[in-house]
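A.B. asks: Next comes entry-v1.pdb, PDB, C-alpha atoms and all ligand atoms:
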ATOM      1  CA  MET A 102    -159.768  93.370-250.871  1.00  0.00           C
ATOM      2  CA  PRO A 103    -159.638  92.709-254.620  1.00  0.00           C
ATOM      3  CA  THR A 104    -157.144  90.257-256.021  1.00  0.00           C
ATOM      4  CA  ILE A 105    -155.353  91.343-259.186  1.00  0.00           C
ATOM      5  CA  THR A 106    -153.193  89.206-261.468  1.00  0.00           C
ATOM      6  CA  TYR A 107    -150.320  90.787-263.385  1.00  0.00           C
ATOM      7  CA  ILE A 108    -149.146  88.819-266.420  1.00  0.00           C
ATOM      8  CA  GLN A 109    -145.574  89.361-267.605  1.00  0.00           C
ATOM      9  CA  PRO A 110    -144.605  89.228-271.304  1.00  0.00           C
ATOM     10  CA  ASP A 111    -143.089  85.768-270.655  1.00  0.00           C
ATOM     11  CA  GLU A 112    -146.484  84.621-269.272  1.00  0.00           C
ATOM     12  CA  THR A 113    -145.356  84.379-265.654  1.00  0.00           C
ATOM     13  CA  THR A 114    -148.017  85.718-263.338  1.00  0.00           C
ATOM     14  CA  SER A 115    -148.184  87.415-259.956  1.00  0.00           C
ATOM     15  CA  THR A 116    -151.462  87.562-258.083  1.00  0.00           C
ATOM     16  CA  ILE A 117    -151.660  90.082-255.277  1.00  0.00           C
ATOM     17  CA  ASP A 118    -154.226  91.740-253.046  1.00  0.00           C
ATOM     18  CA  VAL A 119    -154.579  95.454-253.713  1.00  0.00           C
ATOM     19  CA  ASP A 120    -156.228  97.621-251.070  1.00  0.00           C
ATOM     20  CA  VAL A 121    -159.478  99.259-252.114  1.00  0.00           C
ATOM     21  CA  GLY A 122    -158.676 102.825-253.102  1.00  0.00           C
ATOM     22  CA  LEU A 123    -155.123 102.092-254.227  1.00  0.00           C
ATOM     23  CA  SER A 124    -154.264 102.156-257.919  1.00  0.00           C
ATOM     24  CA  LEU A 125    -153.143  99.007-259.680  1.00  0.00           C
ATOM     25  CA  MET A 126    -149.872 100.852-260.330  1.00  0.00           C
ATOM     26  CA  HIS A 127    -149.304 101.329-256.600  1.00  0.00           C
ATOM     27  CA  GLY A 128    -150.212  97.702-255.973  1.00  0.00           C
ATOM     28  CA  ALA A 129    -147.616  96.635-258.515  1.00  0.00           C
ATOM     29  CA  THR A 130    -144.801  98.860-257.310  1.00  0.00           C
ATOM     30  CA  MET A 131    -145.409  98.002-253.638  1.00  0.00           C
ATOM     31  CA  ASN A 132    -145.142  94.305-254.525  1.00  0.00           C
ATOM     32  CA  ASP A 133    -142.089  94.581-256.798  1.00  0.00           C
ATOM     33  CA  ILE A 134    -143.975  93.611-259.951  1.00  0.00           C
ATOM     34  CA  GLU A 135    -141.546  94.122-262.826  1.00  0.00           C
ATOM     35  CA  GLY A 136    -142.344  96.119-265.936  1.00  0.00           C
ATOM     36  CA  ILE A 137    -144.293  99.005-264.437  1.00  0.00           C
ATOM     37  CA  ALA A 138    -141.830 101.867-264.155  1.00  0.00           C
ATOM     38  CA  ALA A 139    -144.436 104.458-263.084  1.00  0.00           C
ATOM     39  CA  GLU A 140    -141.946 107.266-263.600  1.00  0.00           C
ATOM     40  CA  CYS A 141    -144.413 110.062-262.849  1.00  0.00           C
ATOM     41  CA  GLY A 142    -145.685 108.465-259.662  1.00  0.00           C
ATOM     42  CA  GLY A 143    -149.237 108.070-260.882  1.00  0.00           C
ATOM     43  CA  ASN A 144    -149.948 111.537-262.222  1.00  0.00           C
ATOM     44  CA  ALA A 145    -150.955 110.430-265.725  1.00  0.00           C
ATOM     45  CA  MET A 146    -147.906 112.067-267.285  1.00  0.00           C
ATOM     46  CA  CYS A 147    -145.457 109.306-268.249  1.00  0.00           C
ATOM     47  CA  ALA A 148    -147.395 106.326-269.694  1.00  0.00           C
ATOM     48  CA  THR A 149    -144.838 103.918-268.184  1.00  0.00           C
ATOM     49  CA  CYS A 150    -147.637 102.142-266.318  1.00  0.00           C
ATOM     50  CA  HIS A 151    -149.345 101.027-269.543  1.00  0.00           C
ATOM     51  CA  VAL A 152    -151.122  97.662-269.310  1.00  0.00           C
ATOM     52  CA  TYR A 153    -153.472  95.601-271.424  1.00  0.00           C
ATOM     53  CA  VAL A 154    -156.616  94.810-269.446  1.00  0.00           C
ATOM     54  CA  GLU A 155    -157.376  91.109-269.912  1.00  0.00           C
ATOM     55  CA  SER A 156    -160.580  90.904-267.865  1.00  0.00           C
ATOM     56  CA  HIS A 157    -163.112  93.122-266.090  1.00  0.00           C
ATOM     57  CA  PHE A 158    -162.628  95.809-268.760  1.00  0.00           C
ATOM     58  CA  ASP A 159    -166.354  96.599-268.624  1.00  0.00           C
ATOM     59  CA  GLN A 160    -166.052  97.338-264.907  1.00  0.00           C
ATOM     60  CA  LEU A 161    -163.668 100.241-265.470  1.00  0.00           C
ATOM     61  CA  PRO A 162    -164.793 103.853-265.488  1.00  0.00           C
ATOM     62  CA  PRO A 163    -164.635 105.660-268.824  1.00  0.00           C
ATOM     63  CA  ILE A 164    -161.211 106.767-269.914  1.00  0.00           C
ATOM     64  CA  SER A 165    -160.387 110.425-269.243  1.00  0.00           C
ATOM     65  CA  ASP A 166    -159.235 112.768-271.990  1.00  0.00           C
ATOM     66  CA  ASP A 167    -155.772 112.982-270.383  1.00  0.00           C
ATOM     67  CA  GLU A 168    -155.384 109.200-270.211  1.00  0.00           C
ATOM     68  CA  ASP A 169    -156.686 108.792-273.735  1.00  0.00           C
ATOM     69  CA  ALA A 170    -154.142 111.287-275.068  1.00  0.00           C
ATOM     70  CA  LEU A 171    -151.271 109.751-273.132  1.00  0.00           C
ATOM     71  CA  LEU A 172    -152.024 106.261-274.413  1.00  0.00           C
ATOM     72  CA  TYR A 173    -150.859 107.439-277.842  1.00  0.00           C
ATOM     73  CA  SER A 174    -147.336 107.883-276.452  1.00  0.00           C
ATOM     74  CA  THR A 175    -146.778 104.470-274.899  1.00  0.00           C
ATOM     75  CA  ALA A 176    -143.600 102.535-275.644  1.00  0.00           C
ATOM     76  CA  ALA A 177    -145.613  99.448-276.597  1.00  0.00           C
ATOM     77  CA  GLU A 178    -148.393  99.587-279.167  1.00  0.00           C
ATOM     78  CA  ARG A 179    -151.747 100.831-277.941  1.00  0.00           C
ATOM     79  CA  GLN A 180    -154.522  98.259-278.167  1.00  0.00           C
ATOM     80  CA  GLU A 181    -158.272  98.429-277.595  1.00  0.00           C
ATOM     81  CA  ASN A 182    -157.790  97.200-274.033  1.00  0.00           C
ATOM     82  CA  SER A 183    -154.915  99.554-273.199  1.00  0.00           C
ATOM     83  CA  ARG A 184    -155.156 101.549-269.984  1.00  0.00           C
ATOM     84  CA  LEU A 185    -152.797 103.299-267.599  1.00  0.00           C
ATOM     85  CA  CYS A 186    -152.843 101.239-264.419  1.00  0.00           C
ATOM     86  CA  CYS A 187    -152.224 104.326-262.270  1.00  0.00           C
ATOM     87  CA  GLN A 188    -155.704 105.396-263.313  1.00  0.00           C
ATOM     88  CA  ILE A 189    -157.345 102.099-262.317  1.00  0.00           C
ATOM     89  CA  ILE A 190    -158.405 102.309-258.691  1.00  0.00           C
ATOM     90  CA  ALA A 191    -158.974  99.001-256.954  1.00  0.00           C
ATOM     91  CA  ASN A 192    -162.500  98.228-255.818  1.00  0.00           C
ATOM     92  CA  ASP A 193    -164.420  95.057-255.108  1.00  0.00           C
ATOM     93  CA  LEU A 194    -165.890  94.943-258.614  1.00  0.00           C
ATOM     94  CA  LEU A 195    -162.355  94.388-259.923  1.00  0.00           C
ATOM     95  CA  ASN A 196    -161.746  91.280-257.808  1.00  0.00           C
ATOM     96  CA  GLY A 197    -160.122  88.657-260.036  1.00  0.00           C
ATOM     97  CA  MET A 198    -159.013  91.138-262.679  1.00  0.00           C
ATOM     98  CA  ALA A 199    -155.991  90.360-264.856  1.00  0.00           C
ATOM     99  CA  VAL A 200    -153.751  92.876-266.579  1.00  0.00           C
ATOM    100  CA  ARG A 201    -150.944  92.124-269.009  1.00  0.00           C
ATOM    101  CA  ILE A 202    -147.694  94.082-268.890  1.00  0.00           C
ATOM    102  CA  PRO A 203    -146.560  94.967-272.416  1.00  0.00           C
ATOM    103  CA  GLN A 204    -143.285  93.854-273.891  1.00  0.00           C
ATOM    104  CA  VAL A 205    -141.011  96.868-274.237  1.00  0.00           C
ATOM    105  CA  ASP A 206    -137.815  96.452-276.232  1.00  0.00           C
TER     106      ASP A 206
HETATM  107  S1  LIG B   1    -147.498 106.253-263.508  1.00  0.00           S
HETATM  108 FE1  LIG B   1    -147.142 107.778-264.977  1.00  0.00          FE
HETATM  109  S2  LIG B   1    -148.867 107.692-266.246  1.00  0.00           S
HETATM  110 FE2  LIG B   1    -149.230 106.153-264.765  1.00  0.00          FE
END
What does the file become when written as structure tokens?

C.D. replies:
Amino acid sequence: MPTITYIQPDETTSTIDVDVGLSLMHGATMNDIEGIAAECGGNAMCATCHVYVESHFDQLPPISDDEDALLYSTAAERQENSRLCCQIIANDLLNGMAVRIPQVD
């Protein structure tokens, strides 16, 4: 089971196990990680699960056209390592991954 670290804007971290096949968004919401609203429930429609991928970025599948388009409507600035964590599905290659939750004013 891969271990994922979520980094808050204030640098506090939470490291949790996420079941293979679950999205990092589901892992976060099931473990009460703050800052991931996930308003659309993981359907790539709200962009409230935006994260900056701090490691293992090269292990992710290519970004879909829908995700790419939605990342232009995030509350926090899009960066090169921006992804929607509802579209990141946990697998063993992602063990040890860290994602940063953006600061949203
Ligand atoms: S939860 Fe809505 S886009 Fe990811």

A.B. asks: So that I can see what lies close to range 163-172 of chain A, please list as JSON, numbers by chain the residues with an atom at most 9 Å from it, counting all atoms listed in the file and leaving out residues fewer than 2 positions away in the same chain.

C.D. replies: {"A": [145, 146, 147, 148, 151, 161, 174, 175, 178, 179, 183, 184, 185, 188]}

A.B. asks: Take the PyMOL selection byres (((chain A and resi 107) around 8) and not hetatm), apply it to the structure above, and return the hits as a ChimeraX atom specification.

C.D. replies: /A:105-106,108-109,114-116,134,199-202

A.B. asks: Using only C-alpha atoms, please write the residues we just selected to a file, as a PDB file, in the coordinates of the input.

C.D. replies:
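Dumped everything to out_38.pdb:
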ATOM      1  CA  ILE A 105    -155.353  91.343-259.186  1.00  0.00           C
ATOM      2  CA  THR A 106    -153.193  89.206-261.468  1.00  0.00           C
ATOM      3  CA  ILE A 108    -149.146  88.819-266.420  1.00  0.00           C
ATOM      4  CA  GLN A 109    -145.574  89.361-267.605  1.00  0.00           C
ATOM      5  CA  THR A 114    -148.017  85.718-263.338  1.00  0.00           C
ATOM      6  CA  SER A 115    -148.184  87.415-259.956  1.00  0.00           C
ATOM      7  CA  THR A 116    -151.462  87.562-258.083  1.00  0.00           C
ATOM      8  CA  ILE A 134    -143.975  93.611-259.951  1.00  0.00           C
ATOM      9  CA  ALA A 199    -155.991  90.360-264.856  1.00  0.00           C
ATOM     10  CA  VAL A 200    -153.751  92.876-266.579  1.00  0.00           C
ATOM     11  CA  ARG A 201    -150.944  92.124-269.009  1.00  0.00           C
ATOM     12  CA  ILE A 202    -147.694  94.082-268.890  1.00  0.00           C
TER      13      ILE A 202
END

A.B. asks: Quick one: residues within 12 Å of Ala138 in chain A, all atoms listed in the file, excluding same-chain residues fewer than 5 positions away - as a list in words?

C.D. replies: Met126, His127, Ala129, Thr130, Met131, Asp133, Gly143, Cys147, Ala148, Thr149, Cys150, His151, Val152, Ala176, Leu185, Cys186, Cys187, Ile202, Pro203 and Val205 of chain A

A.B. asks: Taking all atoms listed in the file into account, name the residue in A:Ala191, A:Ala177, A:Met102, A:Val119 that is nearest to Asp206 in chain A.

C.D. replies: A:Ala177

A.B. asks: Name the closest residue to ligand LIG 1 (chain B) among the candidates A:Asn182, A:Ser156, A:Leu194, A:Gly142; distances are taken between atoms, counting only C-alpha atoms and all ligand atoms.

C.D. replies: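 Closest to ligand LIG 1 (chain B) of all the choices is A:Gly142.
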
A.B. asks: Since I can't run it myself right now, could you work out what the PyMOL selection byres (((chain A and resi 120) around 10) and not hetatm) selects here and report it as a list in words?

C.D. replies: Met102, Pro103, Thr104, Ile117, Asp118, Val119, Val121, Gly122, Leu123, Ser124, Leu125, His127, Gly128, Ile190, Ala191, Asn192 and Asp193 of chain A
